[in-house]
$ cat target.txt   # compact mmCIF, C-alpha atoms
# COMPACT_ATOMS: atom_id res chain seq x y z
CA MET A 275 105.40 43.67 59.69
CA THR A 276 102.01 45.32 59.53
CA PRO A 277 98.75 43.45 58.87
CA GLU A 278 98.47 45.25 55.53
CA ALA A 279 102.01 44.20 54.52
CA PHE A 280 101.21 40.61 55.56
CA ASP A 281 98.10 40.57 53.37
CA LYS A 282 99.98 42.15 50.45
CA ALA A 283 102.83 39.60 50.70
CA CYS A 284 100.37 36.70 50.70
CA LEU A 285 98.27 38.00 47.81
CA ALA A 286 101.38 38.66 45.69
CA LEU A 287 101.97 34.90 45.44
CA PRO A 288 100.72 33.06 42.32
CA GLY A 289 97.11 31.90 42.60
CA ALA A 290 96.74 33.15 46.19
CA THR A 291 93.29 34.13 47.39
CA LEU A 292 91.90 35.68 50.56
CA SER A 293 88.94 34.23 52.40
CA ILE A 294 87.41 35.71 55.57
CA GLN A 295 86.64 32.79 57.91
CA TRP A 296 86.14 31.96 61.57
CA GLY A 297 84.84 35.38 62.44
CA ASP A 298 87.03 37.95 60.71
CA ASN A 299 90.28 36.00 60.29
CA HIS A 300 92.12 36.43 57.00
CA VAL A 301 92.77 32.99 55.53
CA PHE A 302 95.12 32.83 52.56
CA LYS A 303 94.76 29.91 50.19
CA VAL A 304 96.11 28.49 46.99
CA ALA A 305 93.54 26.32 45.17
CA ASP A 306 91.35 26.28 48.30
CA LYS A 307 94.18 24.96 50.48
CA MET A 308 95.35 27.18 53.35
CA PHE A 309 98.94 28.35 53.58
CA ALA A 310 98.64 31.27 56.04
CA VAL A 311 96.16 32.79 58.50
CA ARG A 312 96.15 36.24 60.11
CA ALA A 313 93.94 36.94 63.09
CA ALA A 314 91.62 39.90 62.58
CA ALA A 315 91.96 40.94 66.20
CA GLY A 316 95.49 41.35 67.53
CA ASP A 317 98.77 40.68 65.80
CA SER A 318 98.91 36.89 65.71
CA PHE A 319 99.39 34.83 62.58
CA SER A 320 100.14 31.27 61.48
CA PHE A 321 101.58 29.58 58.42
CA LYS A 322 102.68 26.21 57.09
CA ALA A 323 106.39 25.60 57.68
CA SER A 324 108.89 23.10 56.39
CA ASP A 325 109.93 20.39 58.84
CA VAL A 326 113.26 22.12 59.51
CA ALA A 327 111.72 25.59 59.93
CA PHE A 328 109.05 24.17 62.26
CA GLU A 329 111.72 22.66 64.53
CA VAL A 330 113.96 25.73 64.48
CA LEU A 331 111.17 28.24 65.09
CA THR A 332 109.46 26.27 67.86
CA GLU A 333 112.62 25.11 69.64
CA SER A 334 114.09 28.62 69.62
CA GLY A 335 110.90 29.99 71.14
CA ARG A 336 110.24 32.43 68.29
CA ALA A 337 107.02 30.62 67.45
CA LYS A 338 104.76 28.01 68.97
CA PRO A 339 103.14 25.02 67.30
CA ALA A 340 99.85 26.30 65.87
CA PRO A 341 96.77 25.09 67.74
CA TYR A 342 94.97 22.33 65.82
CA LEU A 343 97.53 22.43 62.97
CA ALA A 344 100.84 21.56 64.68
CA ARG A 345 100.75 18.01 63.33
CA ALA A 346 100.69 19.51 59.82
CA ARG A 347 103.77 21.61 60.73
CA TRP A 348 102.08 24.98 61.15
CA VAL A 349 103.65 27.61 63.41
CA TRP A 350 101.95 30.41 65.35
CA PHE A 351 103.41 33.83 66.15
CA ALA A 352 101.85 36.11 68.76
CA ASP A 353 103.28 39.44 67.59
CA MET A 354 103.43 40.35 63.91
CA ALA A 355 104.99 43.77 64.60
CA ALA A 356 108.14 42.12 66.00
CA GLU A 357 108.89 40.30 62.74
CA ASP A 358 111.06 41.49 59.84
CA ASP A 359 109.16 42.16 56.60
CA ALA A 360 111.66 40.45 54.28
CA GLU A 361 111.98 37.37 56.47
CA MET A 362 108.21 37.11 56.80
CA ALA A 363 107.76 37.40 53.03
CA ASP A 364 110.23 34.52 52.58
CA TRP A 365 108.38 32.35 55.10
CA LEU A 366 105.06 33.09 53.43
CA ALA A 367 106.49 32.26 50.00
CA THR A 368 107.79 28.97 51.39
CA ALA A 369 104.41 28.20 52.98
CA HIS A 370 102.74 28.88 49.63
CA ALA A 371 105.26 26.68 47.80
CA LEU A 372 104.79 23.80 50.26
CA VAL A 373 101.04 23.82 49.75
CA ALA A 374 101.22 24.41 45.99
CA ALA A 375 103.63 21.47 45.60
CA LYS A 376 100.85 19.12 46.74
CA LEU A 377 98.50 20.28 43.99
CA THR A 378 98.14 18.34 40.77
CA ARG A 379 100.22 19.39 37.80
CA LYS A 380 97.04 20.50 36.06
CA ALA A 381 95.95 22.65 39.01
CA ARG A 382 99.39 24.27 39.29
CA ALA A 383 99.41 25.02 35.56
CA ALA A 384 95.94 26.59 35.76
CA LEU A 385 97.20 28.90 38.52
CA GLY A 386 100.41 29.77 36.68
CA ILE A 387 102.60 27.89 39.13
CA SER A 388 105.43 25.86 37.64
$ encode --input "target.txt" --output "structure tokens"
Amino acid sequence: MTPEAFDKACLALPGATLSIQWGDNHVFKVADKMFAVRAAAGDSFSFKASDVAFEVLTESGRAKPAPYLARARWVWFADMAAEDDAEMADWLATAHALVAAKLTRKARAALGIS
């Protein structure tokens, strides 16, 4: 996956926004809550994972627990180019859904999320 494809997949999700933080990192949010981060320099990225995906990805060695966010079940990948576009888009959609599910019903409705 390319950085541009990563950004496009994130921004295609309902209510998703891009914020440039911590230098030039691309932080993707839904209602001001992060669901994915792409490093501006290099090919690393992180996202919120389900409990099962976190265990599978970290135990298999495909990903590492994300620094500072591992307790919240975030995973970190060092090389974006090695990942499949369709699989990445699914993971990002799941990350978005996990974060959006914690929003109030009113907030989800305002963003067009059912």
$ atom_distance --input "target.txt" --atom1 "CA of Asp358 (chain A)" --atom2 "CA of Lys376 (chain A)"
27.9 Å
$ residues_around --input "target.txt" --residues "Asp353 (chain A)" --least-positions-apart "3" --cutoff "8 Å" --atoms "all atoms listed in the file" --output "JSON, numbers by chain"
{"A": [317, 318, 319, 356, 357]}
$ write_last_selection --input "target.txt" --atoms "C-alpha atoms" --output "PDB file, in the coordinates of the input"
ATOM      1  CA  ASP A 317      98.770  40.680  65.800  1.00  0.00           C
ATOM      2  CA  SER A 318      98.910  36.890  65.710  1.00  0.00           C
ATOM      3  CA  PHE A 319      99.390  34.830  62.580  1.00  0.00           C
ATOM      4  CA  ALA A 356     108.140  42.120  66.000  1.00  0.00           C
ATOM      5  CA  GLU A 357     108.890  40.300  62.740  1.00  0.00           C
TER       6      GLU A 357
END
$ atom_distance --input "target.txt" --atom1 "CA of Phe309 (chain A)" --atom2 "CA of His370 (chain A)"
5.5 Å
$ residues_around --input "target.txt" --residues "region 333-339 of chain A" --least-positions-apart "6" --cutoff "9 Å" --atoms "all atoms listed in the file" --output "list of chain:residue names"
A:Arg345, A:Arg347, A:Trp348, A:Val349, A:Trp350, A:Phe351, A:Ala352
$ closest_residue --input "target.txt" --among "A:Ala315, A:Met308, A:Met354, A:Ala346" --to "Gly289 (chain A)" --atoms "only C-alpha atoms"
A:Met308
$ closest_residue --input "target.txt" --among "A:Ile387, A:Pro277, A:Leu366, A:Ala290" --to "Gly316 (chain A)" --atoms "only C-alpha atoms"
A:Pro277
$ residues_around --input "target.txt" --residues "Phe302 (chain A)" --least-positions-apart "2" --cutoff "12 Å" --atoms "all atoms listed in the file" --output "VMD selection string"
chain A and resid 280 to 295 299 to 300 304 to 313 319 to 322 366 to 367 369 to 370 373
$ atom_distance --input "target.txt" --atom1 "CA of Glu361 (chain A)" --atom2 "CA of Trp296 (chain A)"
26.9 Å
$ build_atoms --input "target.txt" --residues "region 314-334 of chain A" --atoms "N, CA, C and O atoms" --output "PDB file, in the coordinates of the input"
ATOM      1  N   ALA A 314      92.185  38.557  62.805  1.00  0.00           N
ATOM      2  CA  ALA A 314      91.620  39.900  62.580  1.00  0.00           C
ATOM      3  C   ALA A 314      91.861  40.774  63.798  1.00  0.00           C
ATOM      4  O   ALA A 314      92.169  41.951  63.674  1.00  0.00           O
ATOM      5  N   ALA A 315      91.735  40.193  64.966  1.00  0.00           N
ATOM      6  CA  ALA A 315      91.960  40.940  66.200  1.00  0.00           C
ATOM      7  C   ALA A 315      93.355  40.599  66.729  1.00  0.00           C
ATOM      8  O   ALA A 315      93.735  39.432  66.806  1.00  0.00           O
ATOM      9  N   GLY A 316      94.139  41.585  67.026  1.00  0.00           N
ATOM     10  CA  GLY A 316      95.490  41.350  67.530  1.00  0.00           C
ATOM     11  C   GLY A 316      96.482  41.182  66.393  1.00  0.00           C
ATOM     12  O   GLY A 316      96.174  41.410  65.233  1.00  0.00           O
ATOM     13  N   ASP A 317      97.673  40.780  66.765  1.00  0.00           N
ATOM     14  CA  ASP A 317      98.770  40.680  65.800  1.00  0.00           C
ATOM     15  C   ASP A 317      99.232  39.261  65.551  1.00  0.00           C
ATOM     16  O   ASP A 317     100.333  39.052  65.051  1.00  0.00           O
ATOM     17  N   SER A 318      98.436  38.262  65.877  1.00  0.00           N
ATOM     18  CA  SER A 318      98.910  36.890  65.710  1.00  0.00           C
ATOM     19  C   SER A 318      98.672  36.392  64.289  1.00  0.00           C
ATOM     20  O   SER A 318      97.798  36.883  63.571  1.00  0.00           O
ATOM     21  N   PHE A 319      99.502  35.433  63.899  1.00  0.00           N
ATOM     22  CA  PHE A 319      99.390  34.830  62.580  1.00  0.00           C
ATOM     23  C   PHE A 319     100.000  33.443  62.608  1.00  0.00           C
ATOM     24  O   PHE A 319     100.766  33.099  63.511  1.00  0.00           O
ATOM     25  N   SER A 320      99.637  32.637  61.605  1.00  0.00           N
ATOM     26  CA  SER A 320     100.140  31.270  61.480  1.00  0.00           C
ATOM     27  C   SER A 320     100.429  30.988  60.018  1.00  0.00           C
ATOM     28  O   SER A 320      99.838  31.601  59.132  1.00  0.00           O
ATOM     29  N   PHE A 321     101.327  30.032  59.784  1.00  0.00           N
ATOM     30  CA  PHE A 321     101.580  29.580  58.420  1.00  0.00           C
ATOM     31  C   PHE A 321     102.172  28.189  58.424  1.00  0.00           C
ATOM     32  O   PHE A 321     102.667  27.711  59.438  1.00  0.00           O
ATOM     33  N   LYS A 322     102.095  27.535  57.286  1.00  0.00           N
ATOM     34  CA  LYS A 322     102.680  26.210  57.090  1.00  0.00           C
ATOM     35  C   LYS A 322     104.186  26.384  56.995  1.00  0.00           C
ATOM     36  O   LYS A 322     104.675  27.263  56.299  1.00  0.00           O
ATOM     37  N   ALA A 323     104.928  25.532  57.691  1.00  0.00           N
ATOM     38  CA  ALA A 323     106.390  25.600  57.680  1.00  0.00           C
ATOM     39  C   ALA A 323     106.976  24.274  57.222  1.00  0.00           C
ATOM     40  O   ALA A 323     106.330  23.230  57.336  1.00  0.00           O
ATOM     41  N   SER A 324     108.183  24.340  56.727  1.00  0.00           N
ATOM     42  CA  SER A 324     108.890  23.100  56.390  1.00  0.00           C
ATOM     43  C   SER A 324     109.229  22.393  57.707  1.00  0.00           C
ATOM     44  O   SER A 324     109.169  22.993  58.789  1.00  0.00           O
ATOM     45  N   ASP A 325     109.588  21.135  57.626  1.00  0.00           N
ATOM     46  CA  ASP A 325     109.930  20.390  58.840  1.00  0.00           C
ATOM     47  C   ASP A 325     111.074  21.056  59.601  1.00  0.00           C
ATOM     48  O   ASP A 325     111.029  21.191  60.817  1.00  0.00           O
ATOM     49  N   VAL A 326     112.098  21.490  58.877  1.00  0.00           N
ATOM     50  CA  VAL A 326     113.260  22.120  59.510  1.00  0.00           C
ATOM     51  C   VAL A 326     112.863  23.455  60.138  1.00  0.00           C
ATOM     52  O   VAL A 326     113.204  23.735  61.291  1.00  0.00           O
ATOM     53  N   ALA A 327     112.137  24.288  59.403  1.00  0.00           N
ATOM     54  CA  ALA A 327     111.720  25.590  59.930  1.00  0.00           C
ATOM     55  C   ALA A 327     110.818  25.421  61.147  1.00  0.00           C
ATOM     56  O   ALA A 327     110.939  26.172  62.122  1.00  0.00           O
ATOM     57  N   PHE A 328     109.929  24.431  61.120  1.00  0.00           N
ATOM     58  CA  PHE A 328     109.050  24.170  62.260  1.00  0.00           C
ATOM     59  C   PHE A 328     109.884  23.893  63.508  1.00  0.00           C
ATOM     60  O   PHE A 328     109.641  24.472  64.570  1.00  0.00           O
ATOM     61  N   GLU A 329     110.865  23.012  63.378  1.00  0.00           N
ATOM     62  CA  GLU A 329     111.720  22.660  64.530  1.00  0.00           C
ATOM     63  C   GLU A 329     112.510  23.858  65.013  1.00  0.00           C
ATOM     64  O   GLU A 329     112.564  24.134  66.211  1.00  0.00           O
ATOM     65  N   VAL A 330     113.129  24.586  64.102  1.00  0.00           N
ATOM     66  CA  VAL A 330     113.960  25.730  64.480  1.00  0.00           C
ATOM     67  C   VAL A 330     113.111  26.816  65.150  1.00  0.00           C
ATOM     68  O   VAL A 330     113.484  27.339  66.207  1.00  0.00           O
ATOM     69  N   LEU A 331     112.001  27.165  64.554  1.00  0.00           N
ATOM     70  CA  LEU A 331     111.170  28.240  65.090  1.00  0.00           C
ATOM     71  C   LEU A 331     110.542  27.888  66.435  1.00  0.00           C
ATOM     72  O   LEU A 331     110.460  28.735  67.333  1.00  0.00           O
ATOM     73  N   THR A 332     110.100  26.644  66.591  1.00  0.00           N
ATOM     74  CA  THR A 332     109.460  26.270  67.860  1.00  0.00           C
ATOM     75  C   THR A 332     110.488  26.006  68.953  1.00  0.00           C
ATOM     76  O   THR A 332     110.273  26.370  70.103  1.00  0.00           O
ATOM     77  N   GLU A 333     111.609  25.388  68.612  1.00  0.00           N
ATOM     78  CA  GLU A 333     112.620  25.110  69.640  1.00  0.00           C
ATOM     79  C   GLU A 333     113.324  26.370  70.111  1.00  0.00           C
ATOM     80  O   GLU A 333     113.752  26.451  71.259  1.00  0.00           O
ATOM     81  N   SER A 334     113.443  27.360  69.238  1.00  0.00           N
ATOM     82  CA  SER A 334     114.090  28.620  69.620  1.00  0.00           C
ATOM     83  C   SER A 334     113.154  29.512  70.442  1.00  0.00           C
ATOM     84  O   SER A 334     113.593  30.482  71.050  1.00  0.00           O
TER      85      SER A 334
END
